[in-house]
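Working notes, structure below.
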Amino acid sequence: MKRFFKPIEKECSAKKPALSPSKKDGETTETSSEENSKKDPLKFVTWNANSLLLRVKNNWPEFSNFITTFDPDVIALQEVRMPAAGSKDAPKNHQELKDDTKASREEKLILMRALSSPPFKNYQIWWSLADSKYAGTALLVKKCFQPKKVSFSLEKTALKYEPDGRVILAEFETFYLLNTYAPNNGWKEEENSFQRRRKWDKRIQEFVLQCSGKPLIWCGDLNVSHEEIDVSHPEFFAAAKLNGYVPPNKEDWGQPGFTIAERKRFGAILKEGRLIDAYRFLHKEKDMDCGFSWSGNPIGKYRGKRMRIDYFIVSEELKDRIIACEMQGHGIELEGFYGSDHCPVSLELSEASSDSEKREKKNLDE
């Protein structure tokens with residue numbers, strides 16, 4: 001591959017930071033001939049930041065060092081908790097940060113400065129935001145790996161946004177990348193939380209079944225632990241209650257994310273969509289130190305209680321290209337969590353072989 005003449009710049013660096021795409025409808029900006037020659041991304045990070053602004057204010061040097069060292073091509077963020085642009089009771093621009101009040105302008109400035117500095121200035125960013133400081137996702141892609149299209153709903157419609165900004169879908173030359181922040185299952189039926197999660201799972205299942213023509217890489221906080229091996233204390237989570245409440249359906253009993261109903265639906269999505277859990281594909285045994293992405297508060301009954309709810313899920317045709325998939329945090333003291341209650345999860349793929357490229361091209365042509 002060619003390199004820029006300036007030795008201090010990395011191969012995928014760019015001269016000016018661009019924090020949001022300049023084209024409408026989710027299309028990307030034009031790229032140079034050198035950028036167009038780049039192949040699709042191979043290194044990915046997903047992270048529930050639990051408020052990106054708080055992470056910038058309190059933990060940014062540590063996270064920045066991690067990004068500099070790992071050097072991912074794509075960074076998928078969830079729970080960014082930045083409100084979308086637009087005044088109260090007015091239509092929102094879900095791809096722009098709110099800046100119509102003094103407080104929101106100051107917060108936006110803090111965030112933009114952080115994302116305009118190394119190593120993040122080498123990435124282009126897309127936002128999918130809620131109306132308020134709730135949920136929200138972001139996708140950072142190195143400028144030399146520009147997606148063909150970016151949309152913000154499971155219907156692949158650029159102008160439509162999921163409520164709370166829970167979806168970003170990027171189409172690359174040889175695969176789709178889906179970044180999602182799944183709604184929490186909740187505890188009580190009467191609050192409609194169970195129904196909301198069932199509806200979400202049904203839509204995800206429909207999406208993966210219709211996502212033909214290209215392999216899928218699905219990442220994010222999926223808010224479910226598939227098997228007992230994916231939680232530190234299965235009996236604790238299976239028996240968990242909120243204020244003593246017991247749901248009428250036994251399959252809804254327990255910790256949100258570890259109920260039988262959620263786990264069954266997740267398993268069906270993987271099976272029917274012919275999808276592989278990249279981490280579990282490589283790590284067959286339970287790892288009590290590094291095998292979980294979410295950890296409870298170090299103080300209280302959840303101390304040392306952990307779950308794996310952040311994933312990289314890939315189409316079966318990509319499984320032989322999985323080099324590594326790792327939880328980047330460890331221990332009950334939240335080392336490597338960078339202030340969040342979630343740690344980053346990384347995925348590395350090998351380049352497609354000539355045979356697999358031919359198969360993928362054939363699938364695209366059909």
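Going through the structure tokens in order, the chains are called A, B, and so on, while each chain numbers its residues from 1 and the ligands are numbered from 1 in the order shown.
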Once you count only C-alpha atoms, what closest atom pair and distance in Å to one decimal does each residue of region 157-212 of chain A within 7 Å of region 229-248 of chain A have, with rows by chain and rising residue number, as a Markdown table?
```
| residue | atom | partner | partner_atom | distance |
| --- | --- | --- | --- | --- |
| A:Trp187 | CA | A:Leu242 | CA | 6.7 |
| A:Lys188 | CA | A:Pro247 | CA | 6.5 |
| A:Glu189 | CA | A:Pro247 | CA | 6.8 |
```
Original post:
Do you know which residues are at most 10 Å from Asn48 (chain A) counting only C-alpha atoms, after dropping those on the same chain fewer than 3 positions away, and could you put them as a PyMOL selection string?
Top reply: chain A and resi 51-52+76-80+135+137+181+220-221+293-294+310+337+340-345
Residues from last step as file, N, CA, C and O atoms, as a PDB file, in the first residue's frame:
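New file again-v5.pdb:
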```pdb
ATOM      1  N   SER A  51     -22.441   7.552  28.364  1.00  0.00           N
ATOM      2  CA  SER A  51     -22.307   9.008  28.264  1.00  0.00           C
ATOM      3  C   SER A  51     -20.926   9.370  27.712  1.00  0.00           C
ATOM      4  O   SER A  51     -19.919   9.375  28.437  1.00  0.00           O
ATOM      5  N   LEU A  52     -20.908   9.676  26.422  1.00  0.00           N
ATOM      6  CA  LEU A  52     -19.645  10.021  25.773  1.00  0.00           C
ATOM      7  C   LEU A  52     -19.070  11.310  26.332  1.00  0.00           C
ATOM      8  O   LEU A  52     -17.847  11.444  26.474  1.00  0.00           O
ATOM      9  N   ALA A  76     -17.528   1.713  16.902  1.00  0.00           N
ATOM     10  CA  ALA A  76     -18.981   1.790  17.069  1.00  0.00           C
ATOM     11  C   ALA A  76     -19.285   2.106  18.530  1.00  0.00           C
ATOM     12  O   ALA A  76     -18.847   1.380  19.424  1.00  0.00           O
ATOM     13  N   LEU A  77     -20.017   3.178  18.770  1.00  0.00           N
ATOM     14  CA  LEU A  77     -20.326   3.617  20.128  1.00  0.00           C
ATOM     15  C   LEU A  77     -21.821   3.532  20.389  1.00  0.00           C
ATOM     16  O   LEU A  77     -22.636   3.763  19.492  1.00  0.00           O
ATOM     17  N   GLN A  78     -22.162   3.218  21.625  1.00  0.00           N
ATOM     18  CA  GLN A  78     -23.558   3.198  22.043  1.00  0.00           C
ATOM     19  C   GLN A  78     -23.712   4.011  23.339  1.00  0.00           C
ATOM     20  O   GLN A  78     -22.742   4.248  24.038  1.00  0.00           O
ATOM     21  N   GLU A  79     -24.953   4.378  23.613  1.00  0.00           N
ATOM     22  CA  GLU A  79     -25.305   5.183  24.786  1.00  0.00           C
ATOM     23  C   GLU A  79     -24.421   6.429  24.872  1.00  0.00           C
ATOM     24  O   GLU A  79     -23.815   6.718  25.900  1.00  0.00           O
ATOM     25  N   VAL A  80     -24.372   7.170  23.756  1.00  0.00           N
ATOM     26  CA  VAL A  80     -23.560   8.393  23.737  1.00  0.00           C
ATOM     27  C   VAL A  80     -24.227   9.501  24.553  1.00  0.00           C
ATOM     28  O   VAL A  80     -23.561  10.429  25.022  1.00  0.00           O
ATOM     29  N   ALA A 135     -29.817   7.300  25.392  1.00  0.00           N
ATOM     30  CA  ALA A 135     -29.451   6.329  24.350  1.00  0.00           C
ATOM     31  C   ALA A 135     -28.522   6.980  23.322  1.00  0.00           C
ATOM     32  O   ALA A 135     -27.574   7.658  23.664  1.00  0.00           O
ATOM     33  N   THR A 137     -26.385   6.495  19.350  1.00  0.00           N
ATOM     34  CA  THR A 137     -25.221   5.758  18.866  1.00  0.00           C
ATOM     35  C   THR A 137     -24.368   6.665  17.989  1.00  0.00           C
ATOM     36  O   THR A 137     -24.821   7.710  17.519  1.00  0.00           O
ATOM     37  N   TYR A 181     -27.866  -0.334  19.694  1.00  0.00           N
ATOM     38  CA  TYR A 181     -28.000  -0.275  21.142  1.00  0.00           C
ATOM     39  C   TYR A 181     -29.386  -0.804  21.467  1.00  0.00           C
ATOM     40  O   TYR A 181     -30.390  -0.100  21.366  1.00  0.00           O
ATOM     41  N   GLY A 220     -22.388  -4.095  18.968  1.00  0.00           N
ATOM     42  CA  GLY A 220     -22.992  -3.143  19.877  1.00  0.00           C
ATOM     43  C   GLY A 220     -23.381  -3.760  21.208  1.00  0.00           C
ATOM     44  O   GLY A 220     -23.045  -4.908  21.512  1.00  0.00           O
ATOM     45  N   ASP A 221     -24.099  -2.958  21.990  1.00  0.00           N
ATOM     46  CA  ASP A 221     -24.661  -3.433  23.249  1.00  0.00           C
ATOM     47  C   ASP A 221     -25.991  -4.090  22.904  1.00  0.00           C
ATOM     48  O   ASP A 221     -26.995  -3.408  22.683  1.00  0.00           O
ATOM     49  N   SER A 293     -18.299  -8.218  29.370  1.00  0.00           N
ATOM     50  CA  SER A 293     -18.190  -6.842  28.883  1.00  0.00           C
ATOM     51  C   SER A 293     -18.893  -5.835  29.787  1.00  0.00           C
ATOM     52  O   SER A 293     -18.656  -4.635  29.678  1.00  0.00           O
ATOM     53  N   TRP A 294     -19.788  -6.301  30.661  1.00  0.00           N
ATOM     54  CA  TRP A 294     -20.480  -5.410  31.600  1.00  0.00           C
ATOM     55  C   TRP A 294     -20.192  -5.892  33.009  1.00  0.00           C
ATOM     56  O   TRP A 294     -20.182  -7.088  33.282  1.00  0.00           O
ATOM     57  N   ASP A 310     -22.164  -7.265  25.165  1.00  0.00           N
ATOM     58  CA  ASP A 310     -21.653  -6.514  24.019  1.00  0.00           C
ATOM     59  C   ASP A 310     -20.984  -7.504  23.065  1.00  0.00           C
ATOM     60  O   ASP A 310     -20.142  -8.302  23.485  1.00  0.00           O
ATOM     61  N   PHE A 337     -12.216  -0.382  31.566  1.00  0.00           N
ATOM     62  CA  PHE A 337     -13.580   0.040  31.260  1.00  0.00           C
ATOM     63  C   PHE A 337     -13.653   1.541  30.968  1.00  0.00           C
ATOM     64  O   PHE A 337     -14.643   2.031  30.474  1.00  0.00           O
ATOM     65  N   SER A 340     -16.780   3.696  32.040  1.00  0.00           N
ATOM     66  CA  SER A 340     -18.100   3.137  31.753  1.00  0.00           C
ATOM     67  C   SER A 340     -18.302   1.864  32.563  1.00  0.00           C
ATOM     68  O   SER A 340     -17.360   1.329  33.162  1.00  0.00           O
ATOM     69  N   ASP A 341     -19.552   1.375  32.584  1.00  0.00           N
ATOM     70  CA  ASP A 341     -19.786   0.061  33.172  1.00  0.00           C
ATOM     71  C   ASP A 341     -19.661  -1.045  32.120  1.00  0.00           C
ATOM     72  O   ASP A 341     -19.898  -2.220  32.416  1.00  0.00           O
ATOM     73  N   HIS A 342     -19.296  -0.650  30.905  1.00  0.00           N
ATOM     74  CA  HIS A 342     -18.996  -1.595  29.824  1.00  0.00           C
ATOM     75  C   HIS A 342     -17.547  -1.396  29.402  1.00  0.00           C
ATOM     76  O   HIS A 342     -17.035  -0.269  29.409  1.00  0.00           O
ATOM     77  N   CYS A 343     -16.902  -2.464  28.987  1.00  0.00           N
ATOM     78  CA  CYS A 343     -15.567  -2.333  28.407  1.00  0.00           C
ATOM     79  C   CYS A 343     -15.672  -2.432  26.882  1.00  0.00           C
ATOM     80  O   CYS A 343     -16.629  -3.006  26.349  1.00  0.00           O
ATOM     81  N   PRO A 344     -14.707  -1.883  26.151  1.00  0.00           N
ATOM     82  CA  PRO A 344     -14.704  -2.058  24.702  1.00  0.00           C
ATOM     83  C   PRO A 344     -14.507  -3.529  24.331  1.00  0.00           C
ATOM     84  O   PRO A 344     -13.886  -4.299  25.072  1.00  0.00           O
ATOM     85  N   VAL A 345     -15.054  -3.902  23.190  1.00  0.00           N
ATOM     86  CA  VAL A 345     -14.848  -5.227  22.612  1.00  0.00           C
ATOM     87  C   VAL A 345     -14.249  -5.024  21.228  1.00  0.00           C
ATOM     88  O   VAL A 345     -14.677  -4.137  20.480  1.00  0.00           O
TER      89      VAL A 345
END
```
Original post:
With only C-alpha atoms as the basis for distance, which of A:Phe312, A:Gly267, A:Lys102, A:Ile322 is at the shortest distance from Trp47 (chain A)?
Top reply: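 Of the candidates, the smallest distance to Trp47 (chain A) is held by A:Phe312.
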**OP:** From a DSSP calculation on the backbone, collect every residue of region 83-235 of chain A in helix (DSSP H, G or I) and output the set as an MDAnalysis selection string.
**Re:** chainID A and resid 102:115 120:122 163:165 189:191 193:210 228:230 234:235
Go ahead and save the residues from that selection, with N, CA and C atoms, as a compact mmCIF listing (two decimals), in the first residue's frame.
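Now in result_8.txt:
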```
# COMPACT_ATOMS: atom_id res chain seq x y z
N LYS A 102 -26.93 27.69 25.48
CA LYS A 102 -25.56 27.92 25.91
C LYS A 102 -24.93 26.63 26.44
N ALA A 103 -25.70 25.89 27.24
CA ALA A 103 -25.17 24.64 27.81
C ALA A 103 -24.88 23.62 26.72
N SER A 104 -25.80 23.48 25.76
CA SER A 104 -25.58 22.48 24.71
C SER A 104 -24.43 22.87 23.79
N ARG A 105 -24.25 24.18 23.56
CA ARG A 105 -23.11 24.63 22.74
C ARG A 105 -21.79 24.32 23.43
N GLU A 106 -21.74 24.53 24.73
CA GLU A 106 -20.52 24.24 25.48
C GLU A 106 -20.22 22.74 25.45
N GLU A 107 -21.25 21.91 25.63
CA GLU A 107 -21.05 20.46 25.61
C GLU A 107 -20.62 19.99 24.24
N LYS A 108 -21.23 20.55 23.21
CA LYS A 108 -20.85 20.18 21.85
C LYS A 108 -19.40 20.55 21.57
N LEU A 109 -18.99 21.73 22.03
CA LEU A 109 -17.62 22.19 21.82
C LEU A 109 -16.63 21.24 22.48
N ILE A 110 -16.93 20.82 23.71
CA ILE A 110 -16.04 19.89 24.41
C ILE A 110 -15.88 18.60 23.61
N LEU A 111 -17.00 18.08 23.14
CA LEU A 111 -16.97 16.82 22.41
C LEU A 111 -16.27 16.96 21.07
N MET A 112 -16.54 18.06 20.36
CA MET A 112 -15.93 18.26 19.04
C MET A 112 -14.41 18.43 19.15
N ARG A 113 -13.98 19.11 20.19
CA ARG A 113 -12.53 19.27 20.39
C ARG A 113 -11.86 17.92 20.60
N ALA A 114 -12.50 17.08 21.41
CA ALA A 114 -11.93 15.75 21.66
C ALA A 114 -11.87 14.92 20.40
N LEU A 115 -12.91 14.99 19.58
CA LEU A 115 -12.97 14.17 18.37
C LEU A 115 -12.18 14.79 17.22
N PHE A 120 -8.59 10.57 16.98
CA PHE A 120 -9.94 10.56 16.43
C PHE A 120 -10.11 11.46 15.21
N LYS A 121 -9.18 12.38 15.00
CA LYS A 121 -9.31 13.27 13.85
C LYS A 121 -9.15 12.52 12.53
N ASN A 122 -8.66 11.29 12.59
CA ASN A 122 -8.51 10.49 11.37
C ASN A 122 -9.78 9.76 10.98
N PRO A 163 -36.32 5.31 16.94
CA PRO A 163 -36.52 6.06 18.18
C PRO A 163 -35.31 5.89 19.10
N ASP A 164 -34.89 6.97 19.70
CA ASP A 164 -33.75 7.00 20.62
C ASP A 164 -32.41 6.83 19.91
N GLY A 165 -32.38 6.83 18.57
CA GLY A 165 -31.11 6.75 17.84
C GLY A 165 -30.36 5.46 18.07
N GLU A 189 -43.94 -6.24 33.23
CA GLU A 189 -44.81 -6.28 32.06
C GLU A 189 -45.70 -5.04 31.97
N GLU A 190 -46.21 -4.58 33.10
CA GLU A 190 -47.16 -3.47 33.06
C GLU A 190 -46.53 -2.16 32.60
N GLU A 191 -45.20 -2.10 32.58
CA GLU A 191 -44.52 -0.91 32.08
C GLU A 191 -44.18 -1.04 30.59
N SER A 193 -42.14 -2.78 29.10
CA SER A 193 -40.74 -2.99 28.73
C SER A 193 -40.54 -4.35 28.05
N PHE A 194 -41.25 -5.37 28.52
CA PHE A 194 -41.14 -6.68 27.87
C PHE A 194 -41.61 -6.59 26.42
N GLN A 195 -42.73 -5.90 26.21
CA GLN A 195 -43.27 -5.78 24.85
C GLN A 195 -42.33 -5.03 23.94
N ARG A 196 -41.73 -3.98 24.46
CA ARG A 196 -40.79 -3.20 23.66
C ARG A 196 -39.62 -4.07 23.21
N ARG A 197 -39.11 -4.89 24.13
CA ARG A 197 -37.96 -5.73 23.76
C ARG A 197 -38.37 -6.84 22.79
N ARG A 198 -39.56 -7.41 22.98
CA ARG A 198 -40.02 -8.44 22.05
C ARG A 198 -40.18 -7.88 20.64
N LYS A 199 -40.70 -6.67 20.56
CA LYS A 199 -40.87 -6.03 19.26
C LYS A 199 -39.51 -5.78 18.60
N TRP A 200 -38.55 -5.31 19.40
CA TRP A 200 -37.20 -5.07 18.89
C TRP A 200 -36.58 -6.36 18.36
N ASP A 201 -36.65 -7.44 19.11
CA ASP A 201 -36.07 -8.71 18.69
C ASP A 201 -36.72 -9.21 17.40
N LYS A 202 -38.03 -9.02 17.28
CA LYS A 202 -38.71 -9.45 16.06
C LYS A 202 -38.21 -8.66 14.86
N ARG A 203 -38.02 -7.37 15.03
CA ARG A 203 -37.53 -6.54 13.92
C ARG A 203 -36.09 -6.88 13.56
N ILE A 204 -35.26 -7.15 14.55
CA ILE A 204 -33.88 -7.57 14.28
C ILE A 204 -33.88 -8.89 13.51
N GLN A 205 -34.73 -9.82 13.92
CA GLN A 205 -34.81 -11.10 13.22
C GLN A 205 -35.23 -10.90 11.77
N GLU A 206 -36.20 -10.06 11.53
CA GLU A 206 -36.63 -9.77 10.16
C GLU A 206 -35.50 -9.12 9.37
N PHE A 207 -34.74 -8.24 10.02
CA PHE A 207 -33.63 -7.58 9.33
C PHE A 207 -32.57 -8.57 8.88
N VAL A 208 -32.12 -9.44 9.78
CA VAL A 208 -31.04 -10.35 9.43
C VAL A 208 -31.48 -11.35 8.36
N LEU A 209 -32.76 -11.71 8.37
CA LEU A 209 -33.26 -12.63 7.35
C LEU A 209 -33.35 -11.96 5.98
N GLN A 210 -33.57 -10.66 5.97
CA GLN A 210 -33.66 -9.93 4.71
C GLN A 210 -32.33 -9.37 4.25
N GLU A 228 -25.41 -19.55 29.88
CA GLU A 228 -24.95 -19.42 31.26
C GLU A 228 -23.47 -19.05 31.33
N ILE A 229 -22.71 -19.51 30.36
CA ILE A 229 -21.28 -19.21 30.34
C ILE A 229 -21.02 -17.72 30.17
N ASP A 230 -22.05 -16.98 29.71
CA ASP A 230 -21.89 -15.56 29.42
C ASP A 230 -22.19 -14.66 30.60
N PRO A 234 -24.70 -17.35 37.17
CA PRO A 234 -25.98 -17.69 36.54
C PRO A 234 -27.14 -17.77 37.52
N GLU A 235 -26.94 -18.38 38.68
CA GLU A 235 -28.04 -18.53 39.64
C GLU A 235 -28.49 -17.17 40.18
```
Subject >> Best match for closeness to Met327 (chain A) among A:Cys290, A:Met307, A:Leu42, A:Leu129, counting only C-alpha atoms >> reply: A:Cys290
**OP:** Pull the strand (DSSP E or B) assignments for region 54-275 of chain A out of DSSP run on the backbone, and list those residues as a PyMOL selection string.
**Re:** chain A and resi 74-78+84-85+93-97+123-128+137-142+149-152+161+167-171+176-181+216-221+231+242+245+275
